[in-house]
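Shown next: upload.csv, containing CSV, C-alpha atoms and all ligand atoms.
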chain,number,residue,atom,x,y,z
A,1,MET,CA,-42.0,-12.6,17.5
A,2,PRO,CA,-41.0,-10.1,14.8
A,3,ASP,CA,-42.2,-10.5,11.3
A,4,ILE,CA,-39.1,-11.7,9.6
A,5,SER,CA,-40.7,-12.3,6.2
A,6,TYR,CA,-40.2,-8.6,5.2
A,7,PRO,CA,-37.3,-7.1,7.1
A,8,ALA,CA,-37.5,-3.6,5.6
A,9,GLU,CA,-38.3,-2.1,9.0
A,10,LEU,CA,-35.3,-3.8,10.6
A,11,LEU,CA,-33.0,-2.5,7.8
A,12,ILE,CA,-34.4,1.0,8.3
A,13,LYS,CA,-34.0,0.8,12.0
A,14,ASN,CA,-30.3,-0.2,11.6
A,15,ALA,CA,-29.7,2.6,9.2
A,16,VAL,CA,-31.3,5.2,11.5
A,17,LYS,CA,-29.3,3.9,14.4
A,18,GLN,CA,-26.1,3.9,12.4
A,19,ARG,CA,-26.7,7.5,11.4
A,20,VAL,CA,-27.3,8.6,15.0
A,21,TRP,CA,-24.3,6.8,16.2
A,22,ARG,CA,-22.0,8.3,13.7
A,23,ARG,CA,-23.3,11.8,14.1
A,24,SER,CA,-23.0,11.6,17.9
A,25,GLY,CA,-19.4,10.6,17.5
A,26,MET,CA,-20.0,7.3,19.4
A,27,SER,CA,-18.9,5.2,16.4
A,28,LEU,CA,-15.7,7.3,16.3
A,29,LEU,CA,-15.2,6.9,20.0
A,30,VAL,CA,-15.6,3.1,19.8
A,31,ALA,CA,-13.2,2.9,16.9
A,32,VAL,CA,-10.6,5.0,18.7
A,33,VAL,CA,-10.9,3.0,21.9
A,34,GLY,CA,-10.5,-0.2,19.9
A,35,LEU,CA,-7.5,1.1,18.0
A,36,LEU,CA,-5.8,2.3,21.2
A,37,GLY,CA,-6.5,-1.1,22.8
A,38,VAL,CA,-4.9,-3.0,20.0
A,39,LEU,CA,-2.0,-0.5,19.9
A,40,ALA,CA,-1.4,-0.8,23.6
A,41,LEU,CA,-1.5,-4.6,23.5
A,42,GLY,CA,0.9,-4.7,20.6
A,43,LEU,CA,3.4,-2.3,22.2
A,44,ALA,CA,3.2,-4.2,25.5
A,45,MET,CA,4.0,-7.5,23.7
A,46,VAL,CA,6.9,-5.9,21.8
A,47,ILE,CA,8.3,-4.3,24.9
A,48,GLY,CA,7.6,-7.2,27.3
A,49,ALA,CA,9.1,-9.9,25.2
A,50,GLN,CA,12.4,-8.0,24.4
A,51,PRO,CA,15.5,-9.9,25.4
A,52,ARG,CA,16.9,-8.6,28.8
A,53,PRO,CA,20.5,-10.0,29.0
A,54,ASN,CA,21.4,-7.6,31.8
A,55,ASP,CA,18.4,-8.2,34.0
A,56,THR,CA,19.6,-10.2,37.0
A,57,SER,CA,16.5,-9.9,39.2
A,58,ALA,CA,14.6,-12.9,40.4
A,59,PRO,CA,11.9,-14.1,37.9
A,60,SER,CA,8.3,-14.3,39.1
A,61,CYS,CA,5.9,-17.2,38.9
A,62,GLY,CA,2.3,-16.3,38.8
A,63,GLY,CA,3.0,-12.9,40.3
A,64,GLN,CA,5.3,-14.3,43.1
A,65,THR,CA,9.0,-13.7,43.2
A,66,MET,CA,10.9,-17.1,42.9
A,67,ASN,CA,13.7,-18.4,44.9
A,68,THR,CA,16.6,-20.2,43.2
A,69,ASP,CA,15.4,-23.6,44.4
A,70,GLN,CA,11.8,-23.2,43.3
A,71,VAL,CA,10.1,-24.6,40.3
A,72,CYS,CA,7.3,-22.8,38.4
A,73,ASP,CA,4.4,-25.0,37.3
A,74,GLU,CA,1.9,-23.5,34.9
A,75,TYR,CA,-1.5,-25.0,34.7
A,76,THR,CA,-4.1,-24.6,32.0
A,77,ASN,CA,-7.6,-25.8,32.9
A,78,GLY,CA,-6.2,-27.7,35.8
A,79,ILE,CA,-3.7,-29.6,33.8
A,80,ARG,CA,0.0,-28.9,34.3
A,81,THR,CA,1.3,-27.6,30.9
A,82,SER,CA,4.8,-26.6,31.8
A,83,THR,CA,7.4,-26.9,34.5
A,84,SER,CA,10.3,-24.4,34.6
A,85,TYR,CA,13.3,-24.2,36.8
A,86,TYR,CA,14.6,-20.9,38.1
A,87,GLN,CA,17.4,-20.8,35.6
A,88,ASP,CA,15.0,-21.6,32.7
A,89,MET,CA,13.0,-18.7,33.7
A,90,VAL,CA,16.0,-16.4,33.8
A,91,ASP,CA,17.3,-17.7,30.4
A,92,GLU,CA,13.8,-17.3,28.9
A,93,ARG,CA,13.6,-13.7,30.0
A,94,ASN,CA,17.2,-12.9,28.9
A,95,HIS,CA,16.6,-14.3,25.4
A,96,GLY,CA,13.2,-12.7,25.0
A,97,ASP,CA,10.5,-14.3,22.9
A,98,THR,CA,10.8,-13.5,19.1
A,99,GLY,CA,7.4,-14.9,18.3
A,100,VAL,CA,5.7,-12.5,20.8
A,101,VAL,CA,7.8,-9.5,19.6
A,102,VAL,CA,6.8,-10.2,16.0
A,103,ALA,CA,3.1,-10.7,16.8
A,104,GLY,CA,3.1,-7.5,18.9
A,105,GLY,CA,4.8,-5.7,15.9
A,106,VAL,CA,2.1,-7.0,13.5
A,107,ALA,CA,-0.7,-5.9,15.9
A,108,THR,CA,0.9,-2.4,16.3
A,109,ALA,CA,1.3,-2.0,12.5
A,110,ALA,CA,-2.2,-3.2,11.8
A,111,ALA,CA,-3.7,-0.7,14.3
A,112,LEU,CA,-1.6,2.1,12.8
A,113,LEU,CA,-2.6,1.1,9.2
A,114,ALA,CA,-6.3,0.9,10.1
A,115,ALA,CA,-6.3,4.2,12.0
A,116,ILE,CA,-6.7,6.6,9.0
A,117,PRO,CA,-9.4,4.7,7.1
A,118,LEU,CA,-11.4,4.0,10.3
A,119,LEU,CA,-11.2,7.6,11.5
A,120,ARG,CA,-12.3,8.8,8.1
A,121,ALA,CA,-15.2,6.3,7.9
A,122,TYR,CA,-16.5,7.2,11.3
A,123,ASN,CA,-16.0,11.0,11.1
A,124,PRO,CA,-19.1,12.5,12.6
A,125,ARG,CA,-19.1,15.2,10.0
A,126,LYS,CA,-19.2,12.8,7.2
A,127,PRO,CA,-22.8,12.4,6.1
A,128,TRP,CA,-24.5,9.0,6.2
A,129,GLY,CA,-24.8,7.1,2.9
A,130,ALA,CA,-24.6,8.5,-0.6
A,131,PRO,CA,-26.7,11.4,-2.0
A,132,LEU,CA,-29.7,10.4,-4.1
A,133,PRO,CA,-30.6,12.8,-6.9
A,134,LEU,CA,-34.3,12.7,-6.2
A,135,LEU,CA,-36.6,14.9,-4.2
A,136,CYS,CA,-38.1,13.6,-1.0
A,137,PRO,CA,-41.7,12.5,-1.6
A,138,ARG,CA,-42.7,13.8,1.8
A,139,CYS,CA,-41.0,17.1,2.3
A,140,GLY,CA,-39.9,17.8,-1.3
A,141,GLY,CA,-36.3,18.6,-0.2
A,142,PRO,CA,-33.2,17.3,-1.9
A,143,HIS,CA,-31.8,15.6,1.2
A,144,LEU,CA,-32.4,11.9,0.4
A,145,ARG,CA,-29.4,9.7,1.0
A,146,GLU,CA,-29.1,5.9,0.6
A,147,LYS,CA,-27.0,3.1,1.7
A,148,THR,CA,-27.1,-0.7,1.5
A,149,MET,CA,-27.8,-2.2,4.9
A,150,SER,CA,-27.9,-5.7,6.1
A,151,HIS,CA,-29.6,-7.5,8.9
A,152,SER,CA,-29.0,-11.1,10.0
A,153,ILE,CA,-31.6,-13.2,11.7
A,154,THR,CA,-30.7,-16.6,13.2
A,155,VAL,CA,-33.5,-19.1,13.6
A,156,GLY,CA,-32.2,-22.3,15.1
A,157,ARG,CA,-29.0,-23.0,13.2
A,158,ILE,CA,-30.0,-21.2,10.1
A,159,LYS,CA,-28.6,-17.7,9.7
A,160,THR,CA,-30.2,-15.6,7.0
A,161,THR,CA,-28.8,-12.2,6.0
A,162,TYR,CA,-31.1,-9.7,4.5
A,163,ARG,CA,-29.8,-6.8,2.4
A,164,GLY,CA,-31.6,-3.8,1.1
A,165,THR,CA,-31.0,-0.2,0.1
A,166,VAL,CA,-32.3,2.1,2.7
A,167,THR,CA,-33.2,5.7,1.8
A,168,LEU,CA,-33.4,8.3,4.6
A,169,CYS,CA,-34.5,11.9,4.5
A,170,THR,CA,-33.4,14.3,7.3
A,171,PRO,CA,-34.4,13.3,10.8
A,172,ASP,CA,-36.8,16.3,10.9
A,173,CYS,CA,-38.7,15.0,7.8
A,174,GLY,CA,-38.5,11.4,8.9
A,175,PHE,CA,-39.1,9.9,5.5
A,176,THR,CA,-37.6,6.4,5.3
A,177,THR,CA,-37.9,3.6,2.8
A,178,ALA,CA,-36.1,0.3,2.0
A,179,ARG,CA,-36.1,-1.5,-1.3
A,180,ARG,CA,-35.1,-4.9,-2.6
A,181,PRO,CA,-34.6,-6.5,0.8
A,182,ASP,CA,-33.5,-9.8,-0.8
A,183,PRO,CA,-33.0,-12.7,1.4
A,184,VAL,CA,-29.3,-13.6,0.9
A,185,THR,CA,-28.2,-17.0,1.9
A,186,PRO,CA,-24.8,-18.5,0.9
A,187,LYS,CA,-26.5,-20.7,-1.7
A,188,GLN,CA,-28.6,-18.0,-3.2
A,189,ARG,CA,-26.0,-15.3,-3.2
A,190,ARG,CA,-24.7,-15.9,-6.7
A,191,SER,CA,-27.9,-17.2,-8.3
A,192,THR,CA,-28.5,-16.6,-12.0
A,193,PRO,CA,-29.4,-13.1,-13.0
A,194,GLN,CA,-32.8,-14.1,-14.5
A,195,GLN,CA,-33.9,-15.4,-11.2
A,196,ASP,CA,-32.8,-12.2,-9.5
A,197,ARG,CA,-34.9,-10.1,-11.9
A,198,LYS,CA,-38.1,-12.0,-11.3
A,199,PRO,CA,-40.3,-9.6,-9.3
A,200,PRO,CA,-42.6,-11.9,-7.3
A,201,ARG,CA,-40.5,-13.1,-4.4
A,202,ARG,CA,-41.4,-15.5,-1.7
A,203,TYR,CA,-39.9,-14.9,1.7
A,204,GLY,CA,-41.6,-17.7,3.6
A,205,PRO,CA,-40.2,-21.2,4.1
A,206,ARG,CA,-39.8,-23.1,0.9
A,207,HIS,CA,-41.6,-26.4,0.5
B,1,ZN,ZN,-38.0,14.6,3.4

Can the structure in the file be given as structure tokens, please?
Ligand SMILES: [Zn+2]
Amino acid sequence: MPDISYPAELLIKNAVKQRVWRRSGMSLLVAVVGLLGVLALGLAMVIGAQPRPNDTSAPSCGGQTMNTDQVCDEYTNGIRTSTSYYQDMVDERNHGDTGVVVAGGVATAAALLAAIPLLRAYNPRKPWGAPLPLLCPRCGGPHLREKTMSHSITVGRIKTTYRGTVTLCTPDCGFTTARRPDPVTPKQRRSTPQQDRKPPRRYGPRH
């Protein structure tokens, strides 16, 4: 059972993991694979749902080529949801599906629009966090960088998100610290500023 009353260690762990992942290019790889997946799906939808007025081949039902006297039943969770005659299937294919084409186009456009900001954010050469104009208390070097990290813990049905600013020195130095790991819950998020400034903070369950 981890000590959830003071999650600084968890925030630091997340920050170190994030820095390692980004530097190794794994974050970039995951982003690229995700983008390509959305792009491929979007293009497949656009191309697959195009109208094909000149296509006279037999339609297929569940992967099997249909005969003109066959009926295609579609089942969802064991319940028949649609019955289509051979000619319906041909007409459907010949007219295409505008909704699917539009949805595919939106997915394709979203993947293309997200590509540049994502690739920039996960660039392995981009350093983690923002520089801190202070000298490291351990090695004395000017390599401190900080970033706000969050960590969510779910106990039963209550999810609590902790946030704090994590400061890291170089991996060689190994200095890490986290400050102000405020428990943030939807109710407390926009509490009054005076309450936020009070230094003694209780993390345990309230009575
Ligand atoms: Zn240091």

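One finds CA of Val100 in chain A at 6.0 Å from CA of Met45 in chain A.
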
Can you work out which residues are within 8 Å of ligand ZN 1 (chain B), considering only C-alpha atoms and all ligand atoms, and then hand them over as a list in words? Leu135, Cys136, Pro137, Arg138, Cys139, Gly140, Gly141, Pro142, His143, Leu144, Leu168, Cys169, Thr170, Asp172, Cys173, Gly174 and Phe175 of chain A

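Straight-line separation from CA of Gly25 in chain A to CA of Tyr122 in chain A: 7.6 Å.
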
Distance query Ala8 in chain A at most 9 Å, all atoms listed in the file, self and fewer than 4 positions along chain excluded, as a PyMOL selection string: chain A and resi 12-13+162-164+166+177-181

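CA of His151 in chain A to CA of Ala110 in chain A spans 27.9 Å [interatomic distance, one decimal].
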
Using all atoms listed in the file, the best pick from A:Ala40, A:Met149, A:Leu118, A:Val32 as closest to Val16 in chain A would be A:Met149

From the set A:Leu10, A:Cys72, A:Ala103, A:Val38, which residue has the shortest atom-to-atom contact distance to Gln87 in chain A, counting all atoms listed in the file? A:Cys72

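The neighbours of Asp69 in chain A here are the residues that come within 9 Å of it, using all atoms listed in the file and leaving out any residue fewer than 3 positions away in the same chain; they are Met66, Tyr85 and Tyr86 of chain A.
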
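Of the residues listed (A:Pro127, A:Gly156, A:Pro117, A:Gly105), A:Gly105 shows the shortest atom-to-atom separation from Gly42 in chain A; distances use only C-alpha atoms.
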
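Restricting the calculation to all atoms listed in the file, the smallest distance between Pro171 in chain A and any of A:Gln70, A:Ile153, A:Arg145, A:Arg93 is found for A:Arg145.
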
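Minimum distance to Asn54 in chain A across A:Gln18, A:Asn94, A:Ser24, A:Asn77 (counting only C-alpha atoms) occurs at A:Asn94.
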
Point out the residue among A:His95, A:Ser57, A:Val20, A:Leu35 with the least atom-to-atom distance to Ala109 in chain A, counting all atoms listed in the file. A:Leu35
